[in-house]
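These notes concern the structure reproduced below.
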Amino acid sequence: MTEPVINTSPRTWDEVKTTTCYMCACRCGIKVYLKDGTVKYIEGNRDHPVNKGVICGKGASGIKQHYSPARLSKPLMRVGERGSGEFREVEWEEALRTATLWLSEIRNKDPRSCPSAKVRCNYHTDLITKKAIRDIKSVRKGPFYVQIDYEAPHDGATSGNNAEPPSRYIGTARRTPFRKLPGFNERDISDKPKLIRRTAKRLTPREFKGLKKRYRKQLEALRGVDDSVGRIIRTLKKENELGNTYIFFQSDNGYFLGEHRYSKSKFLAYEPSVRVPMAVRGPIAKEGRVSHAIVSNVDLAATITNLAHTDPRLATDGRSFKPLLRRPGHRGNRAVLLESYLYPSGPLDAHLDKTRPFVTGDQSKAGGSAGGASASGATASSSAPPLNYSAIRTGNYKYIEYADGGRELYDLKADRYELHNKVHSKRYRKVYRYLEDQLDKRRFCDGAECRKGVRHIPYVKPKPKKKHHKHHKHKKHKHQKGQTGGASS
Ligand code: SF4
């Protein structure tokens with residue numbers, strides 16, 4: 001009797017196709033075994049130059065893409081609440097139509113090819129540049145004045161606390177390093193007034209992450225502004241107006257990015273919030289010259305009317321900085337007032353009652369909502385709070401008075417990051433008294449009073465140099481590091 005022959009390796013396929021795996025971008029060579037037109041299994045193709053017969057588990061399970069019962073054979077449309085798991089099957093046409101509709105708003109508003117002339121660009125920066133260019137081109141003869149107020153890099157209406165960059169620049173600054181300046185997450189704020197000490201909490205790692213993202217979004221949004229400035233310059237050149245046009249480029253405020261523990265916002269009189277660069281281009285402004293003189297945005301009207309040989313008709317609070325364009329090395333004696341009033345403010349109410357009777361209940365509401373923090377600053381928040389203060393910035397100094405009596409004095413030549421409040425220092429006592437008096441005289445000033453420069457700021461004797469032994473020097477170095485390297489996150 002003979003044993004039946006059992007084929008232990010029956011052929012399970014009738015056709016083998018060589019192709020590449022599409023389960024990831026490696027595109028390994030595979031052999032697909034089929035029987036009656038159905039995939040039976042997949043193995044690596046030994047003759048393929050990339051994977052030489054090796055495939056991963058994911059590649060081998062590619063078969064499931066075709067036959068798994070859990071496989072989606074049709075697109076699903078959510079019909080219930082988000083998260084409720086209720087869907088209905090739709091046809092591919094309907095799915096594509098819906099996706100196209102959702103994306104059409106973005107595509108119509110801000111396609112990536114903006115600001116090309118061939119597409120519609122409704123992104124705010126591009127749109128107002130287009131309108132400005134149209135206005136410049138429409139000038140037939142004579143002088144013209146165009147003011148373009150870009151919203152970028154301000155927080156966008158729909159982007160939370162971040163700027164909204166044009167779609168063509170989204171993600172372009174995601175690897176730009178964030179530089180922590182001295183004063184970032186300031187370690188010791190015991191020299192600051194009570195109001196500041198109460199509102200400024202050390203930044204958490206989460207806030208630090210958020211402000212880095214905010215910084216990068218601001219850079220990306222500014223790239224759109226950069227494009228726009230280029231387009232305006234090119235238009236002026238084409239119209240033969242560049243040679244006799246003045247361009248002033250500036251911002252209305254700065255922004256805290258971790259300095260003095262504030263991860264966002266402005267409002268306070270510290271340098272990151274109040275100091276912004278101003279760039280001027282024009283016939284008498286020589287390329288590449290830098291002036292360190294103090295000017296303010298209230299000086300713009302006076303400067304522009306001066307350059308245009310016209311009369312502003314009203315007494316301006318600002319003064320022309322035309323002389324600085326000729327002599328940028330000249331420091332001048334400008335004193336600039338910095339003021340913030342969040343109602344109710346005793347001194348400001350009294351002043352307005354005396355002068356202009358237009359204070360209404362509405363204004364107190366408007367002030368109260370600014371920045372979303374209370375006047376007392378009692379909210380523990382890393383957003384710089386709007387507080388009642390007035391300050392004067394002149395020479396090397398800044399002197400700030402808060403409504404609750406808090407005072408700050410900074411010598412910006414010796415301490416540009418405002419880490420050491422000198423208001424209680426004996427060496428600076430005369431400067432303090434002088435600036436206190438100047439601020440009192442100029443508070444609520446008007447016209448010529450505001451334009452008056454300061455004279456004879458008291459001299460502060462430099463600190464006598466101490467002789468250090470070697471190990472003392474070492475100690476001092478360590479101490480300084482602790483003061484300025486305040487970042488903890
Ligand atoms: S076999 Fe694996 S590694 Fe190769 S393409 Fe497929 S999924 Fe990618």
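Chain labels follow the order of the structure tokens: the first chain is A, the next B, and so on; residue numbering restarts at 1 in every chain, and ligands are counted from 1 in their shown order.
Looking only at region 258-357 of chain A, the set that DSSP places in helix (DSSP H, G or I) from backbone geometry is Glu271, Pro272, Ser273, Val274, Asp299, Leu300, Ala301, Ala302, Thr303, Ile304, Thr305, Asn306, Leu307, Lys322, Pro323, Leu324, Leu325, Arg326, Gly346, Pro347, Leu348, Asp349, Ala350, His351, Leu352, Asp353, Lys354 and Thr355 of chain A.
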Write the residues of the preceding selection, restricted to C-alpha atoms, as a compact mmCIF listing (two decimals), in the first residue's frame.
```txt
# COMPACT_ATOMS: atom_id res chain seq x y z
CA GLU A 271 12.22 100.05 26.84
CA PRO A 272 10.88 96.90 25.10
CA SER A 273 7.44 98.53 25.10
CA VAL A 274 8.20 102.21 24.41
CA ASP A 299 7.37 114.73 16.23
CA LEU A 300 6.28 113.26 12.90
CA ALA A 301 3.63 115.87 12.04
CA ALA A 302 6.04 118.73 12.81
CA THR A 303 8.85 117.09 10.78
CA ILE A 304 6.69 116.36 7.76
CA THR A 305 5.24 119.88 7.60
CA ASN A 306 8.74 121.29 8.02
CA LEU A 307 10.12 119.17 5.15
CA LYS A 322 14.73 117.62 10.26
CA PRO A 323 18.06 118.89 11.72
CA LEU A 324 18.86 115.32 12.81
CA LEU A 325 18.51 114.11 9.23
CA ARG A 326 21.36 116.46 8.28
CA GLY A 346 -7.19 111.29 40.08
CA PRO A 347 -4.63 113.63 38.44
CA LEU A 348 -5.95 113.13 34.92
CA ASP A 349 -9.62 113.52 35.94
CA ALA A 350 -8.75 116.76 37.76
CA HIS A 351 -6.83 118.02 34.74
CA LEU A 352 -9.60 117.20 32.27
CA ASP A 353 -12.26 118.70 34.55
CA LYS A 354 -10.29 121.94 34.52
CA THR A 355 -9.54 122.03 30.82
```
Surrounding residues as a ChimeraX atom specification, ligand 1, max 9 Å, only C-alpha atoms and all ligand atoms: /A:20-30,43-44,51,54-62
Selection above as a file: N, CA and C atoms, as a PDB file, in the first residue's frame:
```
ATOM      1  N   THR A  20       6.018  48.690  -6.360  1.00  0.00           N
ATOM      2  CA  THR A  20       6.649  49.285  -5.176  1.00  0.00           C
ATOM      3  C   THR A  20       5.593  49.528  -4.110  1.00  0.00           C
ATOM      4  N   CYS A  21       6.058  49.464  -2.867  1.00  0.00           N
ATOM      5  CA  CYS A  21       5.155  49.656  -1.726  1.00  0.00           C
ATOM      6  C   CYS A  21       4.833  51.143  -1.592  1.00  0.00           C
ATOM      7  N   TYR A  22       3.571  51.437  -1.348  1.00  0.00           N
ATOM      8  CA  TYR A  22       3.132  52.837  -1.214  1.00  0.00           C
ATOM      9  C   TYR A  22       2.770  53.187   0.228  1.00  0.00           C
ATOM     10  N   MET A  23       3.214  52.353   1.168  1.00  0.00           N
ATOM     11  CA  MET A  23       2.828  52.610   2.557  1.00  0.00           C
ATOM     12  C   MET A  23       3.672  53.716   3.189  1.00  0.00           C
ATOM     13  N   CYS A  24       4.823  54.042   2.584  1.00  0.00           N
ATOM     14  CA  CYS A  24       5.565  55.210   3.044  1.00  0.00           C
ATOM     15  C   CYS A  24       6.435  55.684   1.887  1.00  0.00           C
ATOM     16  N   ALA A  25       7.223  56.725   2.122  1.00  0.00           N
ATOM     17  CA  ALA A  25       7.952  57.357   1.015  1.00  0.00           C
ATOM     18  C   ALA A  25       9.158  56.562   0.545  1.00  0.00           C
ATOM     19  N   CYS A  26       9.547  55.455   1.273  1.00  0.00           N
ATOM     20  CA  CYS A  26      10.744  54.706   0.859  1.00  0.00           C
ATOM     21  C   CYS A  26      10.547  53.994  -0.471  1.00  0.00           C
ATOM     22  N   ARG A  27       9.314  53.634  -0.747  1.00  0.00           N
ATOM     23  CA  ARG A  27       8.989  52.972  -2.014  1.00  0.00           C
ATOM     24  C   ARG A  27       9.832  51.711  -2.250  1.00  0.00           C
ATOM     25  N   CYS A  28       9.798  50.786  -1.292  1.00  0.00           N
ATOM     26  CA  CYS A  28      10.543  49.533  -1.431  1.00  0.00           C
ATOM     27  C   CYS A  28       9.934  48.681  -2.561  1.00  0.00           C
ATOM     28  N   GLY A  29      10.802  47.882  -3.178  1.00  0.00           N
ATOM     29  CA  GLY A  29      10.317  47.005  -4.232  1.00  0.00           C
ATOM     30  C   GLY A  29       9.592  45.811  -3.613  1.00  0.00           C
ATOM     31  N   ILE A  30       8.418  45.454  -4.138  1.00  0.00           N
ATOM     32  CA  ILE A  30       7.664  44.324  -3.570  1.00  0.00           C
ATOM     33  C   ILE A  30       7.160  43.405  -4.683  1.00  0.00           C
ATOM     34  N   GLU A  43       5.609  40.134  -0.556  1.00  0.00           N
ATOM     35  CA  GLU A  43       6.973  39.971  -0.026  1.00  0.00           C
ATOM     36  C   GLU A  43       7.909  40.934  -0.736  1.00  0.00           C
ATOM     37  N   GLY A  44       9.103  41.124  -0.150  1.00  0.00           N
ATOM     38  CA  GLY A  44      10.076  42.041  -0.743  1.00  0.00           C
ATOM     39  C   GLY A  44      10.638  41.487  -2.033  1.00  0.00           C
ATOM     40  N   ASN A  51      15.670  47.992  -1.514  1.00  0.00           N
ATOM     41  CA  ASN A  51      15.494  47.180  -0.296  1.00  0.00           C
ATOM     42  C   ASN A  51      16.002  45.756  -0.434  1.00  0.00           C
ATOM     43  N   VAL A  54      13.987  43.141   1.362  1.00  0.00           N
ATOM     44  CA  VAL A  54      13.546  43.368   2.748  1.00  0.00           C
ATOM     45  C   VAL A  54      12.340  44.304   2.746  1.00  0.00           C
ATOM     46  N   ILE A  55      11.306  43.934   3.483  1.00  0.00           N
ATOM     47  CA  ILE A  55      10.222  44.903   3.703  1.00  0.00           C
ATOM     48  C   ILE A  55       9.859  44.913   5.178  1.00  0.00           C
ATOM     49  N   CYS A  56       9.270  46.012   5.599  1.00  0.00           N
ATOM     50  CA  CYS A  56       8.923  46.127   7.019  1.00  0.00           C
ATOM     51  C   CYS A  56       7.511  45.575   7.239  1.00  0.00           C
ATOM     52  N   GLY A  57       7.120  45.492   8.504  1.00  0.00           N
ATOM     53  CA  GLY A  57       5.796  44.980   8.852  1.00  0.00           C
ATOM     54  C   GLY A  57       4.680  45.801   8.214  1.00  0.00           C
ATOM     55  N   LYS A  58       4.918  47.109   8.166  1.00  0.00           N
ATOM     56  CA  LYS A  58       3.889  47.985   7.601  1.00  0.00           C
ATOM     57  C   LYS A  58       3.690  47.663   6.117  1.00  0.00           C
ATOM     58  N   GLY A  59       4.847  47.439   5.425  1.00  0.00           N
ATOM     59  CA  GLY A  59       4.761  47.126   3.996  1.00  0.00           C
ATOM     60  C   GLY A  59       4.030  45.818   3.775  1.00  0.00           C
ATOM     61  N   ALA A  60       4.364  44.802   4.637  1.00  0.00           N
ATOM     62  CA  ALA A  60       3.749  43.482   4.467  1.00  0.00           C
ATOM     63  C   ALA A  60       2.250  43.517   4.747  1.00  0.00           C
ATOM     64  N   SER A  61       1.854  44.489   5.601  1.00  0.00           N
ATOM     65  CA  SER A  61       0.423  44.555   5.933  1.00  0.00           C
ATOM     66  C   SER A  61      -0.351  45.408   4.928  1.00  0.00           C
ATOM     67  N   GLY A  62       0.309  45.790   3.861  1.00  0.00           N
ATOM     68  CA  GLY A  62      -0.356  46.612   2.837  1.00  0.00           C
ATOM     69  C   GLY A  62      -1.593  45.928   2.271  1.00  0.00           C
TER      70      GLY A  62
END
```
CA of Arg214 (chain A) to CA of Glu164 (chain A), distance in Å rounded to a single decimal: 9.8 Å
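When CA of Ser138 (chain A) is paired with CA of Pro312 (chain A), their separation reads 24.9 Å.
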Can you list every residue of region 187-251 of chain A that has an atom at most 10 Å from region 418-437 of chain A, with its nearest atom pair and the distance in Å to one decimal, using only C-alpha atoms, ordered by chain then number, as a tab-separated table?
```
residue	atom	partner	partner_atom	distance
A:Arg187	CA	A:Leu419	CA	9.6
A:Asp188	CA	A:Leu419	CA	8.4
A:Ile189	CA	A:Leu419	CA	7.9
A:Ser190	CA	A:Asn421	CA	9.4
A:Asp191	CA	A:Asn421	CA	5.7
A:Lys192	CA	A:Asn421	CA	6.6
A:Pro193	CA	A:Asn421	CA	9.2
```
Close residues, Lys17 (chain A) itself excluded, 12 Å, only C-alpha atoms, min 6 positions apart in chain, as number ranges by chain: A: 29-35, 37-45
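For the set A:Thr394, A:Lys109, A:Tyr246, A:Leu338, the residue with the smallest atom-to-atom gap to Phe444 (chain A) is A:Leu338, counting only C-alpha atoms.
Closest approach to Val229 (chain A) from the set A:Ile133, A:Ala70, A:Leu76, A:Val119 is made by A:Ile133, with distances taken over only C-alpha atoms.
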Residues near Tyr270 (chain A), cut-off 9 Å, only C-alpha atoms, skip fewer than 5 positions along chain, as a list in words: His260, Arg275, Lys398, Tyr417 and Glu418 of chain A
With C-alpha atoms retained, could you export that selection as a CSV table (one decimal), in the first residue's frame?
```csv
chain,number,residue,atom,x,y,z
A,260,HIS,CA,10.9,91.9,33.1
A,275,ARG,CA,11.4,102.2,22.3
A,398,LYS,CA,14.1,107.5,32.3
A,417,TYR,CA,18.0,96.8,30.2
A,418,GLU,CA,16.5,98.6,33.2
```
